[in-house]
Amino acid sequence: MAANLAGKLAILVNPKGKRYLKRVLEEGEIHTHDGVIPMEEVARAGYGKSVATHKGKVYRIVRPTLHDLVKGVKRQTQIIYPKEIGYICMRLGIGPGVRVIESGSGSGSLTVALSWFCGDTGRVYTYDRREEFSKLCRRNLEWAGVGQNVESHVKDIAEGFDQTDVDALFLDVRTPWEYLDQAAAALAPGAPIGFLLPTVNQVSELLVGLEKAEFEEPEVLEILIRRWKANPERMRPDDRMVAHTGFLVFSRRSLAMEEPILPVAAEAVFEEAAGADQPAAEPAEMPEDAVEPRPDETPAPESEQGGDEPTE
């Protein structure tokens, strides 16, 4: 029987909870502090099962999640953490069929997530001006088993993006305010844009740039996660936490100011409102022989007025 996990990623968890993320091969061994595990046994067992080391220590085999893949990429640059990635993807509306631009590629942690969420019908365009980072990002995509929907570009974004009318854009660069015109040219009207910056002065500079460019609805935030010790008898926060890792800034490309398309009923209302703004026409002059009634005088009904009515 063919090994069902051969070539796939798997997490091996020891009795103390230590995790090993490994690519399962048809041959070879996994060396741990608790002993050696043959790859063949892991492949044959499958997810949700257990294997033992040569010392008898039992390891559980678990399927990796996107969280595991993002944290497991080989890194030469600072990665974007899962706590930010989740909000970024939600805030930018990333999902099947979405076309999104990312710059820069870096180690590819965000690129892995974007590729995962965009699916077969979406498209990810990742830019980095340094070829070594672009290659590293591609290797991490292949390692994670994603990237078929990703186009890599080695290019200085000061020259502009190759795509237009994309659904979302994310800039993870040092001076994003210098590339707002290029970003606006690539985004569809009303599409969201996101930024990651480590310092307050960078955020301030970006906000000034957003006010001058074709963007609106700015939002600034940071995401903190405080874990707790999972001991039901002595629950309390962990002694250490990953606190500030960066500021997230979001905005939206301004909508084009065009005449609204209105239903027929609404058009009539707008025409009536427009007419109300026009000056009222002057009343027509009364004929000279007409007698204008006095304010305290009310004309009698026709039945009481004299005239040529026939009499009995």
# chains A, B, ... in the order shown; residues from 1 in each chain; ligands from 1
call {"tool": "select_by_dssp", "arguments": {"residues": "segment 42-199 of chain A", "states": "strand (DSSP E)", "output": "PDB file with N, CA, C and O atoms, in the first residue's frame"}}
result
ATOM      1  N   SER A  50      -0.662   7.757  15.941  1.00  0.00           N
ATOM      2  CA  SER A  50       0.536   7.899  16.768  1.00  0.00           C
ATOM      3  C   SER A  50       1.621   6.955  16.303  1.00  0.00           C
ATOM      4  O   SER A  50       1.333   5.889  15.727  1.00  0.00           O
ATOM      5  N   VAL A  51       2.874   7.349  16.538  1.00  0.00           N
ATOM      6  CA  VAL A  51       4.025   6.495  16.278  1.00  0.00           C
ATOM      7  C   VAL A  51       4.948   6.592  17.490  1.00  0.00           C
ATOM      8  O   VAL A  51       4.865   7.544  18.269  1.00  0.00           O
ATOM      9  N   ALA A  52       5.822   5.620  17.638  1.00  0.00           N
ATOM     10  CA  ALA A  52       6.743   5.601  18.779  1.00  0.00           C
ATOM     11  C   ALA A  52       8.179   5.701  18.295  1.00  0.00           C
ATOM     12  O   ALA A  52       8.532   5.211  17.214  1.00  0.00           O
ATOM     13  N   VAL A  58       5.889   8.086  22.641  1.00  0.00           N
ATOM     14  CA  VAL A  58       4.803   8.146  21.670  1.00  0.00           C
ATOM     15  C   VAL A  58       4.624   9.584  21.164  1.00  0.00           C
ATOM     16  O   VAL A  58       4.521  10.517  21.960  1.00  0.00           O
ATOM     17  N   TYR A  59       4.579   9.716  19.841  1.00  0.00           N
ATOM     18  CA  TYR A  59       4.352  11.011  19.189  1.00  0.00           C
ATOM     19  C   TYR A  59       3.037  10.962  18.415  1.00  0.00           C
ATOM     20  O   TYR A  59       2.758   9.999  17.698  1.00  0.00           O
ATOM     21  N   ARG A  60       2.231  12.024  18.567  1.00  0.00           N
ATOM     22  CA  ARG A  60       0.997  12.144  17.803  1.00  0.00           C
ATOM     23  C   ARG A  60       1.291  12.828  16.460  1.00  0.00           C
ATOM     24  O   ARG A  60       2.139  13.722  16.379  1.00  0.00           O
ATOM     25  N   ILE A  61       0.564  12.441  15.404  1.00  0.00           N
ATOM     26  CA  ILE A  61       0.739  13.007  14.062  1.00  0.00           C
ATOM     27  C   ILE A  61      -0.461  13.899  13.769  1.00  0.00           C
ATOM     28  O   ILE A  61      -1.603  13.440  13.784  1.00  0.00           O
ATOM     29  N   VAL A  62      -0.204  15.182  13.498  1.00  0.00           N
ATOM     30  CA  VAL A  62      -1.266  16.172  13.333  1.00  0.00           C
ATOM     31  C   VAL A  62      -1.114  16.861  11.979  1.00  0.00           C
ATOM     32  O   VAL A  62      -0.001  17.143  11.533  1.00  0.00           O
ATOM     33  N   ARG A  99      -8.434  39.510  -6.685  1.00  0.00           N
ATOM     34  CA  ARG A  99      -7.121  39.856  -7.230  1.00  0.00           C
ATOM     35  C   ARG A  99      -6.473  40.851  -6.282  1.00  0.00           C
ATOM     36  O   ARG A  99      -7.006  41.932  -6.047  1.00  0.00           O
ATOM     37  N   VAL A 100      -5.303  40.486  -5.722  1.00  0.00           N
ATOM     38  CA  VAL A 100      -4.664  41.311  -4.703  1.00  0.00           C
ATOM     39  C   VAL A 100      -3.188  41.467  -5.006  1.00  0.00           C
ATOM     40  O   VAL A 100      -2.524  40.536  -5.462  1.00  0.00           O
ATOM     41  N   ILE A 101      -2.667  42.679  -4.754  1.00  0.00           N
ATOM     42  CA  ILE A 101      -1.237  42.978  -4.908  1.00  0.00           C
ATOM     43  C   ILE A 101      -0.618  43.069  -3.525  1.00  0.00           C
ATOM     44  O   ILE A 101      -1.199  43.646  -2.602  1.00  0.00           O
ATOM     45  N   GLU A 102       0.604  42.508  -3.396  1.00  0.00           N
ATOM     46  CA  GLU A 102       1.373  42.593  -2.152  1.00  0.00           C
ATOM     47  C   GLU A 102       2.790  43.075  -2.478  1.00  0.00           C
ATOM     48  O   GLU A 102       3.402  42.632  -3.437  1.00  0.00           O
ATOM     49  N   SER A 103       3.295  43.987  -1.651  1.00  0.00           N
ATOM     50  CA  SER A 103       4.685  44.443  -1.792  1.00  0.00           C
ATOM     51  C   SER A 103       5.159  44.853  -0.406  1.00  0.00           C
ATOM     52  O   SER A 103       4.474  45.590   0.312  1.00  0.00           O
ATOM     53  N   ARG A 123      -6.135  35.592  -7.589  1.00  0.00           N
ATOM     54  CA  ARG A 123      -4.780  35.841  -8.098  1.00  0.00           C
ATOM     55  C   ARG A 123      -4.043  36.753  -7.129  1.00  0.00           C
ATOM     56  O   ARG A 123      -4.592  37.765  -6.659  1.00  0.00           O
ATOM     57  N   VAL A 124      -2.789  36.384  -6.833  1.00  0.00           N
ATOM     58  CA  VAL A 124      -1.931  37.169  -5.953  1.00  0.00           C
ATOM     59  C   VAL A 124      -0.729  37.645  -6.764  1.00  0.00           C
ATOM     60  O   VAL A 124      -0.049  36.843  -7.416  1.00  0.00           O
ATOM     61  N   TYR A 125      -0.454  38.953  -6.716  1.00  0.00           N
ATOM     62  CA  TYR A 125       0.698  39.532  -7.409  1.00  0.00           C
ATOM     63  C   TYR A 125       1.633  40.076  -6.324  1.00  0.00           C
ATOM     64  O   TYR A 125       1.297  41.050  -5.641  1.00  0.00           O
ATOM     65  N   THR A 126       2.791  39.435  -6.151  1.00  0.00           N
ATOM     66  CA  THR A 126       3.706  39.842  -5.091  1.00  0.00           C
ATOM     67  C   THR A 126       4.955  40.480  -5.696  1.00  0.00           C
ATOM     68  O   THR A 126       5.543  39.956  -6.647  1.00  0.00           O
ATOM     69  N   TYR A 127       5.345  41.633  -5.139  1.00  0.00           N
ATOM     70  CA  TYR A 127       6.456  42.426  -5.668  1.00  0.00           C
ATOM     71  C   TYR A 127       7.565  42.554  -4.630  1.00  0.00           C
ATOM     72  O   TYR A 127       7.302  42.751  -3.436  1.00  0.00           O
ATOM     73  N   ASP A 128       8.808  42.452  -5.101  1.00  0.00           N
ATOM     74  CA  ASP A 128       9.973  42.772  -4.286  1.00  0.00           C
ATOM     75  C   ASP A 128      11.091  43.182  -5.228  1.00  0.00           C
ATOM     76  O   ASP A 128      11.298  42.552  -6.273  1.00  0.00           O
ATOM     77  N   VAL A 150      -0.040  32.512  -7.611  1.00  0.00           N
ATOM     78  CA  VAL A 150       0.809  33.657  -7.272  1.00  0.00           C
ATOM     79  C   VAL A 150       1.730  33.997  -8.441  1.00  0.00           C
ATOM     80  O   VAL A 150       2.381  33.116  -9.003  1.00  0.00           O
ATOM     81  N   GLU A 151       1.775  35.295  -8.790  1.00  0.00           N
ATOM     82  CA  GLU A 151       2.736  35.803  -9.769  1.00  0.00           C
ATOM     83  C   GLU A 151       3.786  36.628  -9.025  1.00  0.00           C
ATOM     84  O   GLU A 151       3.446  37.571  -8.311  1.00  0.00           O
ATOM     85  N   SER A 152       5.057  36.274  -9.193  1.00  0.00           N
ATOM     86  CA  SER A 152       6.148  36.983  -8.525  1.00  0.00           C
ATOM     87  C   SER A 152       6.773  37.994  -9.483  1.00  0.00           C
ATOM     88  O   SER A 152       7.024  37.682 -10.650  1.00  0.00           O
ATOM     89  N   HIS A 153       7.011  39.210  -8.974  1.00  0.00           N
ATOM     90  CA  HIS A 153       7.598  40.279  -9.789  1.00  0.00           C
ATOM     91  C   HIS A 153       8.807  40.856  -9.061  1.00  0.00           C
ATOM     92  O   HIS A 153       8.687  41.280  -7.898  1.00  0.00           O
ATOM     93  N   VAL A 154       9.954  40.833  -9.719  1.00  0.00           N
ATOM     94  CA  VAL A 154      11.145  41.493  -9.192  1.00  0.00           C
ATOM     95  C   VAL A 154      11.194  42.876  -9.830  1.00  0.00           C
ATOM     96  O   VAL A 154      11.586  43.031 -10.993  1.00  0.00           O
ATOM     97  N   ALA A 168      -7.686  44.612  -4.031  1.00  0.00           N
ATOM     98  CA  ALA A 168      -7.058  44.996  -2.757  1.00  0.00           C
ATOM     99  C   ALA A 168      -5.557  45.103  -2.967  1.00  0.00           C
ATOM    100  O   ALA A 168      -5.000  44.540  -3.923  1.00  0.00           O
ATOM    101  N   LEU A 169      -4.894  45.832  -2.040  1.00  0.00           N
ATOM    102  CA  LEU A 169      -3.445  46.016  -2.134  1.00  0.00           C
ATOM    103  C   LEU A 169      -2.889  46.154  -0.723  1.00  0.00           C
ATOM    104  O   LEU A 169      -3.511  46.796   0.127  1.00  0.00           O
ATOM    105  N   PHE A 170      -1.710  45.542  -0.497  1.00  0.00           N
ATOM    106  CA  PHE A 170      -1.062  45.653   0.811  1.00  0.00           C
ATOM    107  C   PHE A 170       0.398  46.035   0.605  1.00  0.00           C
ATOM    108  O   PHE A 170       1.122  45.385  -0.157  1.00  0.00           O
ATOM    109  N   LEU A 171       0.819  47.101   1.307  1.00  0.00           N
ATOM    110  CA  LEU A 171       2.198  47.584   1.209  1.00  0.00           C
ATOM    111  C   LEU A 171       2.916  47.339   2.528  1.00  0.00           C
ATOM    112  O   LEU A 171       2.527  47.887   3.564  1.00  0.00           O
ATOM    113  N   PRO A 192      -9.963  48.517  -1.009  1.00  0.00           N
ATOM    114  CA  PRO A 192      -9.191  48.776   0.213  1.00  0.00           C
ATOM    115  C   PRO A 192      -7.690  48.602   0.016  1.00  0.00           C
ATOM    116  O   PRO A 192      -7.241  47.858  -0.860  1.00  0.00           O
ATOM    117  N   ILE A 193      -6.932  49.294   0.873  1.00  0.00           N
ATOM    118  CA  ILE A 193      -5.475  49.180   0.883  1.00  0.00           C
ATOM    119  C   ILE A 193      -5.024  49.087   2.334  1.00  0.00           C
ATOM    120  O   ILE A 193      -5.641  49.673   3.228  1.00  0.00           O
ATOM    121  N   GLY A 194      -3.959  48.311   2.580  1.00  0.00           N
ATOM    122  CA  GLY A 194      -3.434  48.144   3.927  1.00  0.00           C
ATOM    123  C   GLY A 194      -1.937  48.375   3.976  1.00  0.00           C
ATOM    124  O   GLY A 194      -1.236  48.257   2.961  1.00  0.00           O
ATOM    125  N   PHE A 195      -1.442  48.718   5.178  1.00  0.00           N
ATOM    126  CA  PHE A 195      -0.029  48.986   5.390  1.00  0.00           C
ATOM    127  C   PHE A 195       0.384  48.405   6.736  1.00  0.00           C
ATOM    128  O   PHE A 195      -0.430  48.317   7.658  1.00  0.00           O
ATOM    129  N   LEU A 196       1.655  48.027   6.860  1.00  0.00           N
ATOM    130  CA  LEU A 196       2.234  47.615   8.138  1.00  0.00           C
ATOM    131  C   LEU A 196       3.466  48.466   8.392  1.00  0.00           C
ATOM    132  O   LEU A 196       4.384  48.505   7.564  1.00  0.00           O
ATOM    133  N   LEU A 197       3.495  49.153   9.550  1.00  0.00           N
ATOM    134  CA  LEU A 197       4.602  50.034   9.897  1.00  0.00           C
ATOM    135  C   LEU A 197       4.966  49.837  11.363  1.00  0.00           C
ATOM    136  O   LEU A 197       4.076  49.688  12.210  1.00  0.00           O
TER     137      LEU A 197
END
call {"tool": "closest_residue", "arguments": {"among": "A:Glu178, A:Asp156, A:Glu214, A:Glu142", "to": "Val73 of chain A", "atoms": "only C-alpha atoms"}}
result
A:Glu142
call {"tool": "select_by_dssp", "arguments": {"residues": "segment 85-160 of chain A", "states": "helix (DSSP H, G or I)", "output": "PyMOL selection string"}}
result
chain A and resi 85-91+109-118+131-144+157-159
call {"tool": "closest_residue", "arguments": {"among": "A:Glu29, A:Asp181, A:Asp120, A:Glu222", "to": "Thr199 of chain A", "atoms": "only C-alpha atoms"}}
result
A:Glu222
call {"tool": "closest_residue", "arguments": {"among": "A:Lys49, A:Thr121, A:Trp177, A:Glu26", "to": "Ser204 of chain A", "atoms": "only C-alpha atoms"}}
result
A:Trp177
call {"tool": "atom_distance", "arguments": {"atom1": "atom CA of Glu217 of chain A", "atom2": "atom CA of Lys83 of chain A"}}
result
22.7 Å
call {"tool": "closest_residue", "arguments": {"among": "A:Arg91, A:Arg227, A:Arg129, A:Arg236", "to": "Asp167 of chain A", "atoms": "only C-alpha atoms"}}
result
A:Arg91
call {"tool": "closest_atom_pairs", "arguments": {"of": "segment 115-169 of chain A", "to": "segment 95-98 of chain A", "cutoff": "6 Å", "atoms": "only C-alpha atoms", "output": "JSON lines"}}
result
{"residue": "A:Phe117", "atom": "CA", "partner": "A:Gly95", "partner_atom": "CA", "distance": 5.0}
{"residue": "A:Cys118", "atom": "CA", "partner": "A:Pro96", "partner_atom": "CA", "distance": 4.4}
{"residue": "A:Gly119", "atom": "CA", "partner": "A:Pro96", "partner_atom": "CA", "distance": 5.2}
{"residue": "A:Thr121", "atom": "CA", "partner": "A:Gly97", "partner_atom": "CA", "distance": 4.5}
{"residue": "A:Gly122", "atom": "CA", "partner": "A:Gly97", "partner_atom": "CA", "distance": 3.8}
call {"tool": "closest_residue", "arguments": {"among": "A:Gly246, A:Gly17, A:Gly93, A:Gly28", "to": "Val166 of chain A", "atoms": "only C-alpha atoms"}}
result
A:Gly93
call {"tool": "closest_residue", "arguments": {"among": "A:Leu221, A:Ala158, A:Ile94, A:Ile79", "to": "Ala191 of chain A", "atoms": "only C-alpha atoms"}}
result
A:Ile94
call {"tool": "residues_around", "arguments": {"residues": "Leu141 of chain A", "least_positions_apart": "4", "cutoff": "9 Å", "atoms": "only C-alpha atoms", "output": "number ranges by chain"}}
result
A: 73, 108-109, 111-112, 115, 136-137, 145-148, 150
